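Working notes, beginning with the structure itself.
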Amino acid sequence: MSTNRQAASASIWRAPVLFAILAALFVLEGTVRNGMFSGSWNTSLAILNMGLISAITALGVNMQWGYAGLFNVGVVGFLALGGLAPVLISTQPVEGAWEAGGPRLLIALAAAVGTLALAAQVRKRLPKWRGLAVTAVLIGGFIIYRWLFDPAATAIEANNPARHGNIGGLGLPVLLSWAVGGVFAAAAAWAVGKVALGLRSDYLAIATLGIGEIIVAVLKNEDWLARGVKNVTTIPRPVPFEIQLQRNPEFLELANSWGMAASTASGIWVKLCYMLLFLVVLLSIILLAELALKSPWGRMMRAIRDNETAAEAMGKDVTARHLQVFILGSAVIGIAGAMMITLDGLMAPVGYNPLRYTFLIWVMVIVGGSGNNWGAVLGAVLIWFLWIKAEIWGPELIALLTSPMPDGNLKAHLLASAAHMRFIAMGLVLLLVLRFAPRGLVPEK
Amino acid sequence: MDILNAVVAILNFVVIPAAAYGAQLALGALGVTLIYGILRFSNFAHGDTMAFGTAVTILATWGLQALGISLGPLPTALLALPVGIAATAAMVLATDRTVYRFYRAQKAKPIILVMASVGVMFLMNGFTRLLIGVDEQRFADGARFIMDVRSFRELTGLKEGLAFKTTQGLTIVIAVIVVWALFWFLNRTKSGKAMRAYSDNEDLALLSGIDPEKVVRMTWIIAAALATIAGTLYGLDKAFKPFNYFQILLPIFAAAIVGGLGNPVGAIAGGFLVAFSEVAVTYPWLKIAGYLFPDWQPGGLLQLLGTEYKFAVSFVILIVVLLFRPTGLFRGKSV
């Protein structure tokens, strides 16, 4: 395998040592209490759990970027779309919502999809007057769709709006919704990829930027779907509630034997349960990805990435392969999105900020080592840890740096704006790694 | 049927806002398209460059206001613009020197440059937040209206009013001047011709003795000026909020691609196309239908899409262009 990314191979000890350092950071966070660390296992595990979800997102992005060189700028959208799955699949059905307008809503959505399909067929089949016919189909379809959709959505939103006002879920197990989240994201990825792949590489970036913003806008504004900005808070948990544990005599005994208060121990127990679940998902995705990479398919993907023209000359369908890997990567991002909503127990579309959920994930992938799954995981957990801790370390660092300065407006301004330093720091990290260590912390083998 | 009132309403709610917004988008898209033409990558930091330039301009405006200097009926921000442009130009030249030049020398793939521009975007975003914070800032002063609703009604005796804000008029006038100056520069001056030659065929331009670094520097300075002007006009017209400048990136890209990346005329046409579609699709046409067809009683507001989805309009335009004419309406670059 010759790839133009290959340079002198790194020491085999590099990845284990880096992972050990990372583990040490989390142990310090859990045990040492000083200005830098909190000394609480609850905090440490909470950071780790979110870090693991970021790691799965980073794996998805790494499939797209590391295996195929596709630049997805709409990670936030695919995450949000995956997050819709727990709401639609596993929350309890809302009484009266389906009767209010469920069937009509489904017919409306079917009409919308049917219109697009019909327009595509008309464009393909019709010998003459194509543009006119397609426009007519689209306008007619839009009118029918709005005629079906508007009353249905209004009726559902009017159904007990204080508590529900949404279509409600199916009441299925929440773990199932993780897979469905992947399917949702994959479907969106198919639609975007079909249009934007095969053109200039920048186009996919711009198209994904658009779809990301639109998905978040839909979640914010379509109240019938997931209550919009009113948030859905009743997402079921795959693990016990802390309060249940605290009432369980067996658990209380266990907490006693740990020498911890029941409240602390129950928090840790719940977070450990989540951690195990997330680790199972993470490791299975890595296993599948590594197996795929070692197969002929994986070699083909890398061949395409490293020299598209040569691969095309060998008879490989570059655009179709790109579409495939783009869909797979987005599905993984969707799974992560569903897991994140499950962990939070809350669907709050206002929180989907592209800087945090798209570009921070990119920093993770680039820092970790694009093309290497373990690198992506390492980068994700490390950058997440630093991102969280920078909230505490940043102001202290600035206070230290400005301590020789005389008190005044400038000093006050600098101290007040320390929170924004995180963005500058992340931008700097991205640029420095891209320039001086483009292969990341754990380079591709 | 009441055609006069309908026309006034269309002018007031659709044509004037869309023309001002289109001029702002066109200026932004011109910057993107110039950078694409010369440096051959889509600059994701452009929105935040606009925000940075506007932030500096606002600070300078506040300084001038504190000194008691004003332009009478015109916003003071116009006087502060050169300061904003100079600061932004210095900023982008610094990023070019420290970031992009390295990849240019390496002849890196365009996508790597795009990624580097994302890093620059983070930096600029942080600097803007440091400078001015994340809150909404209003900095328009001077006369608010060229024509306000009441005096228009008194003047014409029509039922429908027409408001023409100073910032809207100013946006259109300045956009025309800037575009004229840009095209004069590109078509008449030696440096402008060098830029166009470099954009058309890099190797040939190098053979004719054009200094590539000089061309690149000039491009960045022009892009910084366009970004600052576009950002300041947008901020005057609406309000300045850093996050909005990140979101305006999508319509700007859509405008540049619709017109054909690398093609300045296309960028202007694209800007207006995107702006007019956005406003027309999200405007509730009920009132105008009421003037034209008084007997018709439609059920809804006759609004095709909620204003929350205005970005969907740019996206759909982008998708349609990618599907049917990936090089854009005015034949931009294909690679």
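Chain labels follow the order of the structure tokens: the first chain is A, the next B, and so on; residue numbering restarts at 1 in every chain, and ligands are counted from 1 in their shown order.
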When you get a sec, could you note down which chain A residues fall within 8 Å of chain B, using only C-alpha atoms, as number ranges by chain? A: 71, 195-196, 199-202, 206-207, 209-211, 213-214, 217-218, 221, 359, 414, 417, 420-428, 430-431, 434
Keeping N, CA and C atoms for every residue in the selection just given, could you write it to a file as an mmCIF file, in the first residue's frame?
```
data_model
loop_
_atom_site.group_PDB
_atom_site.id
_atom_site.type_symbol
_atom_site.label_atom_id
_atom_site.label_comp_id
_atom_site.auth_asym_id
_atom_site.auth_seq_id
_atom_site.Cartn_x
_atom_site.Cartn_y
_atom_site.Cartn_z
ATOM 1 N N PHE A 71 -15.489 16.711 2.843
ATOM 2 C CA PHE A 71 -15.528 17.726 3.896
ATOM 3 C C PHE A 71 -16.984 18.007 4.237
ATOM 4 N N VAL A 195 -26.826 15.015 -4.788
ATOM 5 C CA VAL A 195 -26.762 16.263 -5.546
ATOM 6 C C VAL A 195 -25.334 16.787 -5.617
ATOM 7 N N ALA A 196 -24.649 16.810 -4.458
ATOM 8 C CA ALA A 196 -23.420 17.594 -4.381
ATOM 9 C C ALA A 196 -22.160 16.775 -4.668
ATOM 10 N N LEU A 199 -19.214 16.686 -8.010
ATOM 11 C CA LEU A 199 -18.861 18.023 -8.481
ATOM 12 C C LEU A 199 -17.578 18.438 -7.771
ATOM 13 N N ARG A 200 -17.251 19.693 -7.848
ATOM 14 C CA ARG A 200 -16.057 20.204 -7.190
ATOM 15 C C ARG A 200 -16.136 19.970 -5.681
ATOM 16 N N SER A 201 -14.976 19.717 -5.053
ATOM 17 C CA SER A 201 -14.989 19.295 -3.653
ATOM 18 C C SER A 201 -15.587 20.350 -2.728
ATOM 19 N N ASP A 202 -15.455 21.639 -3.063
ATOM 20 C CA ASP A 202 -16.021 22.679 -2.191
ATOM 21 C C ASP A 202 -17.536 22.596 -2.124
ATOM 22 N N ILE A 206 -20.277 23.287 0.971
ATOM 23 C CA ILE A 206 -21.285 24.345 1.036
ATOM 24 C C ILE A 206 -22.676 23.747 1.159
ATOM 25 N N ALA A 207 -22.935 22.650 0.427
ATOM 26 C CA ALA A 207 -24.263 22.028 0.496
ATOM 27 C C ALA A 207 -24.523 21.477 1.896
ATOM 28 N N LEU A 209 -23.206 22.584 4.647
ATOM 29 C CA LEU A 209 -23.418 23.759 5.510
ATOM 30 C C LEU A 209 -24.895 24.143 5.479
ATOM 31 N N GLY A 210 -25.484 24.125 4.260
ATOM 32 C CA GLY A 210 -26.892 24.487 4.113
ATOM 33 C C GLY A 210 -27.815 23.493 4.779
ATOM 34 N N ILE A 211 -27.615 22.207 4.515
ATOM 35 C CA ILE A 211 -28.541 21.218 5.064
ATOM 36 C C ILE A 211 -28.460 21.228 6.589
ATOM 37 N N GLU A 213 -27.927 23.812 8.557
ATOM 38 C CA GLU A 213 -28.719 24.926 9.092
ATOM 39 C C GLU A 213 -30.207 24.666 8.935
ATOM 40 N N ILE A 214 -30.585 24.028 7.816
ATOM 41 C CA ILE A 214 -32.019 23.811 7.583
ATOM 42 C C ILE A 214 -32.573 22.793 8.570
ATOM 43 N N ALA A 217 -33.112 24.470 11.756
ATOM 44 C CA ALA A 217 -34.252 25.396 11.665
ATOM 45 C C ALA A 217 -35.564 24.625 11.730
ATOM 46 N N VAL A 218 -35.633 23.472 11.063
ATOM 47 C CA VAL A 218 -36.857 22.662 11.095
ATOM 48 C C VAL A 218 -37.141 22.218 12.527
ATOM 49 N N ASN A 221 -38.568 25.091 14.573
ATOM 50 C CA ASN A 221 -39.825 25.727 14.211
ATOM 51 C C ASN A 221 -41.001 24.794 14.025
ATOM 52 N N PHE A 359 -17.661 22.406 14.060
ATOM 53 C CA PHE A 359 -16.255 22.756 13.906
ATOM 54 C C PHE A 359 -15.407 22.203 15.035
ATOM 55 N N LEU A 414 -10.511 42.262 29.465
ATOM 56 C CA LEU A 414 -9.829 40.998 29.176
ATOM 57 C C LEU A 414 -10.362 39.890 30.072
ATOM 58 N N SER A 417 -13.803 38.786 28.988
ATOM 59 C CA SER A 417 -13.952 38.110 27.707
ATOM 60 C C SER A 417 -13.150 36.815 27.650
ATOM 61 N N HIS A 420 -14.374 33.848 25.591
ATOM 62 C CA HIS A 420 -14.246 33.780 24.135
ATOM 63 C C HIS A 420 -12.893 33.242 23.706
ATOM 64 N N MET A 421 -11.963 33.174 24.655
ATOM 65 C CA MET A 421 -10.626 32.695 24.321
ATOM 66 C C MET A 421 -10.660 31.261 23.814
ATOM 67 N N ARG A 422 -11.708 30.514 24.217
ATOM 68 C CA ARG A 422 -11.777 29.122 23.795
ATOM 69 C C ARG A 422 -11.806 29.009 22.275
ATOM 70 N N PHE A 423 -12.523 29.932 21.628
ATOM 71 C CA PHE A 423 -12.618 29.853 20.171
ATOM 72 C C PHE A 423 -11.273 30.145 19.533
ATOM 73 N N ILE A 424 -10.587 31.170 20.075
ATOM 74 C CA ILE A 424 -9.274 31.494 19.531
ATOM 75 C C ILE A 424 -8.345 30.304 19.728
ATOM 76 N N ALA A 425 -8.403 29.702 20.917
ATOM 77 C CA ALA A 425 -7.519 28.579 21.197
ATOM 78 C C ALA A 425 -7.792 27.425 20.247
ATOM 79 N N MET A 426 -9.084 27.121 20.003
ATOM 80 C CA MET A 426 -9.408 25.998 19.122
ATOM 81 C C MET A 426 -8.981 26.289 17.687
ATOM 82 N N GLY A 427 -9.197 27.534 17.238
ATOM 83 C CA GLY A 427 -8.754 27.898 15.895
ATOM 84 C C GLY A 427 -7.250 27.736 15.762
ATOM 85 N N LEU A 428 -6.519 28.183 16.791
ATOM 86 C CA LEU A 428 -5.062 28.069 16.768
ATOM 87 C C LEU A 428 -4.635 26.608 16.735
ATOM 88 N N LEU A 430 -6.289 24.051 15.620
ATOM 89 C CA LEU A 430 -6.591 23.490 14.300
ATOM 90 C C LEU A 430 -5.527 23.909 13.288
ATOM 91 N N LEU A 431 -5.202 25.206 13.262
ATOM 92 C CA LEU A 431 -4.248 25.700 12.265
ATOM 93 C C LEU A 431 -2.856 25.121 12.511
ATOM 94 N N LEU A 434 -2.795 21.391 11.580
ATOM 95 C CA LEU A 434 -2.907 21.259 10.129
ATOM 96 C C LEU A 434 -1.582 21.575 9.454
#
```
I need the residues in region 146-379 of chain A that are alpha helix (DSSP H) according to DSSP; give them as a ChimeraX atom specification. /A:146-158,174-196,201-221,223-226,242-247,249-258,262-294,296-306,308-313,318-344,354,360-368,373-379
Have a look at CA of Ile177 (chain B) and CA of Val216 (chain B) and let me know their distance in Å, one decimal. 23.4 Å
Would you mind listing what lies within 12 Å of Ile10 (chain B) as a CSV table (one decimal) with N, CA and C atoms, in the first residue's frame, with only C-alpha atoms counted and same-chain residues fewer than 3 positions away left out?
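Produced file out07.csv, reproduced below:
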```csv
chain,number,residue,atom,x,y,z
B,3,ILE,N,-54.7,48.7,-8.3
B,3,ILE,CA,-53.3,48.4,-8.7
B,3,ILE,C,-52.3,49.3,-8.1
B,4,LEU,N,-52.6,50.6,-7.9
B,4,LEU,CA,-51.6,51.5,-7.4
B,4,LEU,C,-51.2,51.1,-6.0
B,5,ASN,N,-52.2,50.8,-5.1
B,5,ASN,CA,-51.9,50.4,-3.8
B,5,ASN,C,-51.1,49.1,-3.8
B,6,ALA,N,-51.4,48.2,-4.7
B,6,ALA,CA,-50.7,46.9,-4.7
B,6,ALA,C,-49.3,47.1,-5.1
B,7,VAL,N,-49.0,48.0,-6.1
B,7,VAL,CA,-47.7,48.3,-6.5
B,7,VAL,C,-46.9,48.9,-5.4
B,13,PHE,N,-42.7,46.3,0.7
B,13,PHE,CA,-42.4,45.1,1.4
B,13,PHE,C,-41.5,44.1,0.7
B,14,VAL,N,-41.4,44.2,-0.6
B,14,VAL,CA,-40.6,43.3,-1.3
B,14,VAL,C,-39.4,43.9,-2.0
B,15,VAL,N,-39.7,44.9,-2.9
B,15,VAL,CA,-38.6,45.4,-3.8
B,15,VAL,C,-37.5,46.1,-3.0
B,16,ILE,N,-37.9,47.0,-2.2
B,16,ILE,CA,-36.9,47.8,-1.5
B,16,ILE,C,-36.1,47.0,-0.5
B,17,PRO,N,-36.7,46.2,0.4
B,17,PRO,CA,-35.9,45.4,1.3
B,17,PRO,C,-35.0,44.4,0.5
B,18,ALA,N,-35.6,43.8,-0.6
B,18,ALA,CA,-34.8,42.8,-1.3
B,18,ALA,C,-33.6,43.5,-2.1
B,160,GLU,N,-52.0,52.8,1.1
B,160,GLU,CA,-50.8,52.1,1.4
B,160,GLU,C,-49.6,53.0,1.6
B,161,GLY,N,-48.8,52.8,2.7
B,161,GLY,CA,-47.6,53.7,2.9
B,161,GLY,C,-46.4,53.1,2.3
B,162,LEU,N,-45.4,53.9,2.2
B,162,LEU,CA,-44.1,53.5,1.6
B,162,LEU,C,-43.0,54.0,2.5
B,163,ALA,N,-42.1,53.2,3.0
B,163,ALA,CA,-41.0,53.6,3.8
B,163,ALA,C,-39.7,53.3,3.1
B,276,PHE,N,-33.9,38.5,-3.8
B,276,PHE,CA,-35.3,38.6,-4.2
B,276,PHE,C,-36.1,37.3,-4.0
B,279,VAL,N,-36.9,37.1,-0.2
B,279,VAL,CA,-37.9,38.0,0.3
B,279,VAL,C,-39.3,37.6,-0.3
B,280,ALA,N,-39.3,37.3,-1.6
B,280,ALA,CA,-40.6,37.0,-2.2
B,280,ALA,C,-41.2,35.7,-1.7
B,283,TYR,N,-42.5,36.3,2.0
B,283,TYR,CA,-43.4,37.4,2.3
B,283,TYR,C,-44.9,37.0,2.2
B,284,PRO,N,-45.7,37.3,3.2
B,284,PRO,CA,-47.1,37.0,3.1
B,284,PRO,C,-47.9,37.8,2.1
B,285,TRP,N,-48.3,37.2,1.0
B,285,TRP,CA,-48.9,38.0,-0.1
B,285,TRP,C,-50.4,38.4,0.1
B,286,LEU,N,-50.9,38.1,1.3
B,286,LEU,CA,-52.4,38.2,1.5
B,286,LEU,C,-52.8,39.7,1.2
B,287,LYS,N,-52.0,40.6,1.7
B,287,LYS,CA,-52.4,42.0,1.6
B,287,LYS,C,-52.5,42.4,0.1
B,288,ILE,N,-51.5,42.0,-0.7
B,288,ILE,CA,-51.4,42.4,-2.1
B,288,ILE,C,-52.5,41.7,-2.9
B,289,ALA,N,-52.8,40.5,-2.5
B,289,ALA,CA,-53.9,39.7,-3.2
B,289,ALA,C,-55.2,40.5,-2.9
B,291,TYR,N,-55.7,43.6,-2.6
B,291,TYR,CA,-55.8,44.8,-3.4
B,291,TYR,C,-56.2,44.4,-4.8
B,292,LEU,N,-55.5,43.3,-5.3
B,292,LEU,CA,-55.7,42.9,-6.7
B,292,LEU,C,-57.0,42.2,-6.9
```
Interatomic distance (Å, one decimal) between CA of Gly168 (chain A) and CA of Pro103 (chain A): 13.4 Å
One number please: CA of Ala108 (chain A) to CA of Val137 (chain A), in Å, one decimal. 15.4 Å
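Ranking B:Leu329, B:Ala108, B:Val149, B:Leu81 by their shortest atom-to-atom distance to Leu39 (chain B), with only C-alpha atoms included, puts B:Ala108 first.
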Would you list the contacts of Met347 (chain A) as a PyMOL selection string, taking every protein, DNA or RNA residue within 8 Å and counting only C-alpha atoms, but skipping same-chain residues closer than 3 positions in sequence? chain A and resi 83-84+87+226+231-233+341+344
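Neighbours of Arg356 (chain A) closer than or equal to 12 Å, with only C-alpha atoms counted and sequence neighbours fewer than 5 positions away skipped, come out as Ser54, Val73, Gly74, Val75, Val76, Gly77, Leu79, Gly351, Ile361, Trp362, Val363, Met364, Ile383, Trp384, Trp387, Ile388, Arg422, Phe423 and Met426 of chain A; Phe122 of chain B.
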With C-alpha atoms kept, could you save the residues just selected as a PDB file, in the first residue's frame?
```pdb
ATOM      1  CA  SER A  54     -17.997  13.136  20.600  1.00  0.00           C
ATOM      2  CA  VAL A  73     -19.648  21.092   7.276  1.00  0.00           C
ATOM      3  CA  GLY A  74     -23.136  20.074   8.394  1.00  0.00           C
ATOM      4  CA  VAL A  75     -22.230  17.723  11.229  1.00  0.00           C
ATOM      5  CA  VAL A  76     -24.563  19.648  13.520  1.00  0.00           C
ATOM      6  CA  GLY A  77     -27.513  18.901  11.243  1.00  0.00           C
ATOM      7  CA  LEU A  79     -26.431  15.118  14.899  1.00  0.00           C
ATOM      8  CA  GLY A 351     -28.456  24.142  21.749  1.00  0.00           C
ATOM      9  CA  ILE A 361     -15.708  17.921  15.975  1.00  0.00           C
ATOM     10  CA  TRP A 362     -13.471  18.835  13.057  1.00  0.00           C
ATOM     11  CA  VAL A 363     -10.760  20.025  15.422  1.00  0.00           C
ATOM     12  CA  MET A 364     -11.041  16.666  17.192  1.00  0.00           C
ATOM     13  CA  ILE A 383     -10.253  17.974  22.902  1.00  0.00           C
ATOM     14  CA  TRP A 384     -13.569  17.584  24.717  1.00  0.00           C
ATOM     15  CA  TRP A 387     -12.788  22.344  25.881  1.00  0.00           C
ATOM     16  CA  ILE A 388     -14.625  21.773  29.159  1.00  0.00           C
ATOM     17  CA  ARG A 422     -11.777  29.122  23.795  1.00  0.00           C
ATOM     18  CA  PHE A 423     -12.618  29.853  20.171  1.00  0.00           C
ATOM     19  CA  MET A 426      -9.408  25.998  19.122  1.00  0.00           C
TER      20      MET A 426
ATOM     21  CA  PHE B 122     -12.592  30.260  14.513  1.00  0.00           C
TER      22      PHE B 122
END
```
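Residues in contact with Val61 (chain A) at 7 Å, where only C-alpha atoms are counted and same-chain residues fewer than 4 positions away are skipped, are listed as Thr57, Trp65 and Gly329 of chain A.
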So that I can check the surroundings of region 312-325 of chain A, please list as a PyMOL selection string every protein, DNA and RNA residue that reaches within 9 Å of it, counting only C-alpha atoms and ignoring chain neighbours fewer than 6 positions away. chain A and resi 63-64+67-70+189-190+193-194+197-199+300-301+304
